[in-house]
Amino acid sequence: AQARYAGIRELPAQSKCGTVTALHMNAGLMADLPSLEGSGAEGVGLFRTELQFLIRSQMPRRGELSALYAQVMDAAKGKRVAFRTLDIGSDKVLPYMKPNDEPNPAMGWRAIRVGLEKPGVLRMQLQALIRAANGRPLTVMFPFVAQLEEFRSARAEFEKAMARERILGHPLPTDVKIGAMLETPSLAFAPDIFFREVDFISIGGNDLKQFFFAADRENERVRRRYDTLNVSVLSFLEQLIARCHAHHTPVSFCGEDAGRPVEAVAFAAMGLRNLSMRPASIGPVKHMLRRLNLDDARGVIHEARERGDQSVRGAINDFLRQQA
Ligand code: PEP
Ligand code: MG
């Protein structure tokens, strides 16, 4: 599939209106990194760090993690990698962590909630990332941030780790960016100051969608009822993007939907300028974005919303069929 899009690999995802959408890739293993060149991605928009913890029978040591993160940064050759801190909880149980019997693990003690309440692992991970960067730029994002205070506390953990490394005389990363994943609707309604304090927001559409519609992402039966291109989702995104723009907060989308060409067109038309997806999706999405005028796509979405369509998918599909 990548060969098919090799001709546009080095070209930007520039639409006919001139708008350029930055395309990044999602990764989680060292083995994913070669795709950075193969796909033409501008960087890694989401590096899921869970796998390293899940494939082991005991807690990895800080030194091992630090070596691994350094390898990932080396392989990225100066392109940005957004490391997402551990998103683990009662659904993804670590063999060496006592399982928690919770009725609703997706809404339970997971991700940053664990990181803040039992900060040992988060601290080790942050220290490993800082050491791995070793004077290079560093991007870290926290999963499942639902309110301002959680972001502040998580960022404070990062600052403490930096202070410790400084005292130890280790080289500190430069150009540090600390972001939050927006995976619960609540965060979109956080106080204005959140948008100014956070260095960037990455929309985790997989979780966001399940909490937006109250439909379990693992439950096919209810999941399929709701379309990501439902007008309610678009209204939500529109308001969120407007707040981000008002505060000059960089915003990206890293859920699986970003890798589906029709969804990607809708997101780009709504104003998202940064999408992160599976490497194999970059070619098809770029091809699609280059073919069309996003102003026209925006008009099509507007009309569908005015008509009261439940989803704009049909309208976008019709529009895409009309493209040369
Ligand atoms: C998401 O929820 O959209 C996301 C990117 O995180 P994950 O799929 O790992 O939950
Ligand atoms: Mg998620």
# chains A, B, ... in the order shown; residues from 1 in each chain; ligands from 1

$ select_by_dssp --residues "range 99-279 of chain A" --states "alpha helix (DSSP H)" --output "number ranges by chain"
A: 111-117, 120-133, 148-168, 185-188, 192-197, 205-213, 220-223, 231-246, 261-270, 279

$ residues_near_ligand --ligand "ligand 1" --cutoff "10 Å" --atoms "only C-alpha atoms and all ligand atoms" --output "PyMOL selection string"
chain A and resi 26+28+45-50+84+86-88+106+111+143-144+181-184+202-210+217+253-258+276-277

$ closest_residue --among "A:Arg166, A:Lys98, A:Arg110, A:Arg260" --to "ligand 2" --atoms "only C-alpha atoms and all ligand atoms"
A:Arg110

$ residues_around --residues "Asp175 in chain A" --least-positions-apart "5" --cutoff "8 Å" --atoms "only C-alpha atoms" --output "ChimeraX atom specification"
/A:136-138

$ write_last_selection --atoms "N, CA and C atoms" --output "PDB file, in the first residue's frame"
ATOM      1  N   ARG A 136      18.021  16.685  24.095  1.00  0.00           N
ATOM      2  CA  ARG A 136      17.220  16.866  22.868  1.00  0.00           C
ATOM      3  C   ARG A 136      15.818  17.371  23.240  1.00  0.00           C
ATOM      4  N   PRO A 137      15.033  17.766  22.232  1.00  0.00           N
ATOM      5  CA  PRO A 137      13.644  18.159  22.514  1.00  0.00           C
ATOM      6  C   PRO A 137      12.848  16.980  23.065  1.00  0.00           C
ATOM      7  N   LEU A 138      11.843  17.280  23.873  1.00  0.00           N
ATOM      8  CA  LEU A 138      11.026  16.224  24.473  1.00  0.00           C
ATOM      9  C   LEU A 138       9.548  16.620  24.476  1.00  0.00           C
TER      10      LEU A 138
END

$ residues_around --residues "range 51-61 of chain A" --least-positions-apart "4" --cutoff "7 Å" --atoms "only C-alpha atoms" --output "PDB file with N, CA and C atoms, in the first residue's frame"
ATOM      1  N   GLY A  28       3.947   2.323  18.970  1.00  0.00           N
ATOM      2  CA  GLY A  28       3.966   1.790  20.325  1.00  0.00           C
ATOM      3  C   GLY A  28       5.129   0.838  20.548  1.00  0.00           C
ATOM      4  N   LEU A  65      13.960   1.369  30.368  1.00  0.00           N
ATOM      5  CA  LEU A  65      12.999   2.262  29.711  1.00  0.00           C
ATOM      6  C   LEU A  65      13.720   3.426  29.051  1.00  0.00           C
ATOM      7  N   LEU A  94      -1.396  -5.235  34.387  1.00  0.00           N
ATOM      8  CA  LEU A  94      -0.003  -5.650  34.318  1.00  0.00           C
ATOM      9  C   LEU A  94       0.148  -6.905  35.170  1.00  0.00           C
ATOM     10  N   PRO A  95       0.896  -7.885  34.663  1.00  0.00           N
ATOM     11  CA  PRO A  95       1.039  -9.144  35.397  1.00  0.00           C
ATOM     12  C   PRO A  95       1.579  -8.925  36.814  1.00  0.00           C
ATOM     13  N   TYR A  96       2.333  -7.852  36.992  1.00  0.00           N
ATOM     14  CA  TYR A  96       2.950  -7.611  38.289  1.00  0.00           C
ATOM     15  C   TYR A  96       2.192  -6.561  39.092  1.00  0.00           C
TER      16      TYR A  96
END

$ select_by_dssp --residues "range 17-256 of chain A" --states "strand (DSSP E or B)" --output "count of residues only"
42

$ residues_around --residues "Asn134 in chain A" --least-positions-apart "2" --cutoff "7 Å" --atoms "only C-alpha atoms" --output "ChimeraX atom specification"
/A:130-132,136,171-173

$ closest_residue --among "A:Met141, A:Val121, A:Ala22, A:Ala41" --to "ligand 2" --atoms "only C-alpha atoms and all ligand atoms"
A:Met141

$ residues_around --residues "range 190-200 of chain A" --least-positions-apart "6" --cutoff "10 Å" --atoms "only C-alpha atoms" --output "ChimeraX atom specification"
/A:139-141,146-149,151-152,155,176-181,243-252

$ write_last_selection --atoms "C-alpha atoms" --output "short mmCIF file (atom, residue, chain, number, x, y, z; two decimals), in the first residue's frame"
data_model
loop_
_atom_site.label_atom_id
_atom_site.label_comp_id
_atom_site.auth_asym_id
_atom_site.auth_seq_id
_atom_site.Cartn_x
_atom_site.Cartn_y
_atom_site.Cartn_z
CA THR A 139 7.27 15.89 24.04
CA VAL A 140 5.18 14.19 26.72
CA MET A 141 1.43 13.85 26.94
CA ALA A 146 -10.53 15.05 32.70
CA GLN A 147 -9.95 18.31 34.59
CA LEU A 148 -7.48 21.16 34.95
CA GLU A 149 -6.18 20.04 38.32
CA PHE A 151 -3.08 18.34 34.25
CA ARG A 152 -1.49 20.67 36.78
CA ARG A 155 2.86 18.65 34.99
CA VAL A 176 9.91 20.62 26.27
CA LYS A 177 6.24 20.32 25.32
CA ILE A 178 3.77 18.94 27.83
CA GLY A 179 0.31 18.13 26.54
CA ALA A 180 -2.96 16.58 27.61
CA MET A 181 -5.04 14.03 25.79
CA ARG A 243 -11.37 27.56 22.09
CA CYS A 244 -7.97 26.18 21.13
CA HIS A 245 -7.58 28.75 18.39
CA ALA A 246 -8.67 31.58 20.69
CA HIS A 247 -5.91 30.64 23.14
CA HIS A 248 -3.35 29.65 20.49
CA THR A 249 -3.29 26.11 21.86
CA PRO A 250 -2.03 23.60 19.29
CA VAL A 251 -4.62 20.86 18.86
CA SER A 252 -4.34 17.53 17.10
#

$ closest_residue --among "A:Asn100, A:Ser311, A:Gln125, A:Thr19" --to "Phe83 in chain A" --atoms "only C-alpha atoms"
A:Gln125

$ residues_around --residues "Lys118 in chain A" --least-positions-apart "4" --cutoff "12 Å" --atoms "only C-alpha atoms" --output "ChimeraX atom specification"
/A:89,97,109-114,122-124,154,157

$ closest_residue --among "A:Val145, A:Ala13, A:Leu229, A:Ala70" --to "ligand 2" --atoms "only C-alpha atoms and all ligand atoms"
A:Val145

$ atom_distance --atom1 "CA of Glu64 in chain A" --atom2 "CA of Met30 in chain A"
13.2 Å

$ closest_residue --among "A:Glu306, A:Ile241, A:Lys92, A:Val20" --to "Ile201 in chain A" --atoms "only C-alpha atoms"
A:Ile241

$ closest_residue --among "A:Phe142, A:Gln323, A:Ala27, A:Glu117" --to "ligand 2" --atoms "only C-alpha atoms and all ligand atoms"
A:Phe142

$ decode --residues "range 223-260 of chain A" --atoms "N, CA and C atoms" --output "compact mmCIF listing (two decimals), in the first residue's frame"
# COMPACT_ATOMS: atom_id res chain seq x y z
N ARG A 223 -21.59 0.34 19.76
CA ARG A 223 -20.59 1.20 19.13
C ARG A 223 -21.02 1.61 17.72
N ARG A 224 -21.56 0.66 16.98
CA ARG A 224 -21.92 0.91 15.59
C ARG A 224 -23.14 1.80 15.40
N ARG A 225 -23.87 2.02 16.46
CA ARG A 225 -25.04 2.90 16.35
C ARG A 225 -24.64 4.33 16.05
N TYR A 226 -23.45 4.72 16.51
CA TYR A 226 -23.08 6.13 16.48
C TYR A 226 -21.94 6.40 15.53
N ASP A 227 -22.17 7.36 14.67
CA ASP A 227 -21.18 7.72 13.67
C ASP A 227 -20.31 8.85 14.21
N THR A 228 -19.01 8.71 14.00
CA THR A 228 -18.08 9.79 14.40
C THR A 228 -18.44 11.09 13.69
N LEU A 229 -19.04 10.97 12.52
CA LEU A 229 -19.40 12.18 11.77
C LEU A 229 -20.81 12.64 12.09
N ASN A 230 -21.33 12.19 13.20
CA ASN A 230 -22.61 12.68 13.73
C ASN A 230 -22.47 14.19 13.95
N VAL A 231 -23.53 14.93 13.66
CA VAL A 231 -23.45 16.39 13.77
C VAL A 231 -23.15 16.86 15.20
N SER A 232 -23.55 16.06 16.18
CA SER A 232 -23.26 16.46 17.57
C SER A 232 -21.76 16.42 17.84
N VAL A 233 -21.08 15.41 17.29
CA VAL A 233 -19.62 15.33 17.44
C VAL A 233 -18.99 16.55 16.77
N LEU A 234 -19.49 16.88 15.59
CA LEU A 234 -18.89 18.00 14.86
C LEU A 234 -19.10 19.32 15.61
N SER A 235 -20.27 19.48 16.22
CA SER A 235 -20.51 20.70 17.01
C SER A 235 -19.54 20.77 18.18
N PHE A 236 -19.34 19.62 18.80
CA PHE A 236 -18.41 19.55 19.92
C PHE A 236 -17.00 19.94 19.45
N LEU A 237 -16.57 19.32 18.36
CA LEU A 237 -15.22 19.61 17.84
C LEU A 237 -15.09 21.08 17.44
N GLU A 238 -16.14 21.60 16.84
CA GLU A 238 -16.11 23.00 16.40
C GLU A 238 -15.86 23.94 17.59
N GLN A 239 -16.58 23.68 18.68
CA GLN A 239 -16.41 24.54 19.86
C GLN A 239 -15.04 24.36 20.49
N LEU A 240 -14.60 23.11 20.53
CA LEU A 240 -13.29 22.84 21.10
C LEU A 240 -12.18 23.50 20.27
N ILE A 241 -12.27 23.33 18.96
CA ILE A 241 -11.24 23.91 18.08
C ILE A 241 -11.24 25.44 18.21
N ALA A 242 -12.43 26.03 18.32
CA ALA A 242 -12.52 27.49 18.46
C ALA A 242 -11.83 27.94 19.76
N ARG A 243 -12.03 27.20 20.83
CA ARG A 243 -11.37 27.56 22.09
C ARG A 243 -9.86 27.43 21.96
N CYS A 244 -9.42 26.37 21.32
CA CYS A 244 -7.97 26.18 21.13
C CYS A 244 -7.40 27.32 20.30
N HIS A 245 -8.09 27.67 19.23
CA HIS A 245 -7.58 28.75 18.39
C HIS A 245 -7.56 30.07 19.15
N ALA A 246 -8.59 30.32 19.94
CA ALA A 246 -8.67 31.58 20.69
C ALA A 246 -7.49 31.72 21.66
N HIS A 247 -7.02 30.59 22.16
CA HIS A 247 -5.91 30.64 23.14
C HIS A 247 -4.57 30.23 22.52
N HIS A 248 -4.57 30.08 21.20
CA HIS A 248 -3.35 29.65 20.49
C HIS A 248 -2.81 28.34 21.02
N THR A 249 -3.70 27.43 21.37
CA THR A 249 -3.29 26.11 21.86
C THR A 249 -3.24 25.15 20.68
N PRO A 250 -2.07 24.59 20.38
CA PRO A 250 -2.03 23.60 19.29
C PRO A 250 -2.94 22.42 19.61
N VAL A 251 -3.70 21.98 18.64
CA VAL A 251 -4.62 20.86 18.86
C VAL A 251 -4.48 19.86 17.73
N SER A 252 -4.45 18.59 18.10
CA SER A 252 -4.34 17.53 17.10
C SER A 252 -5.34 16.44 17.42
N PHE A 253 -5.49 15.50 16.52
CA PHE A 253 -6.42 14.38 16.72
C PHE A 253 -5.63 13.10 16.50
N CYS A 254 -5.62 12.21 17.50
CA CYS A 254 -4.81 11.00 17.36
C CYS A 254 -5.61 9.71 17.52
N GLY A 255 -6.93 9.77 17.50
CA GLY A 255 -7.71 8.53 17.56
C GLY A 255 -7.72 7.84 16.21
N GLU A 256 -8.16 6.62 16.17
CA GLU A 256 -8.14 5.83 14.92
C GLU A 256 -8.91 6.50 13.79
N ASP A 257 -9.93 7.26 14.13
CA ASP A 257 -10.74 7.89 13.08
C ASP A 257 -9.93 8.83 12.19
N ALA A 258 -8.86 9.39 12.71
CA ALA A 258 -8.05 10.31 11.91
C ALA A 258 -7.47 9.60 10.68
N GLY A 259 -7.35 8.28 10.74
CA GLY A 259 -6.76 7.53 9.63
C GLY A 259 -7.79 7.09 8.59
N ARG A 260 -9.04 7.45 8.78
CA ARG A 260 -10.07 7.11 7.78
C ARG A 260 -10.27 8.34 6.91
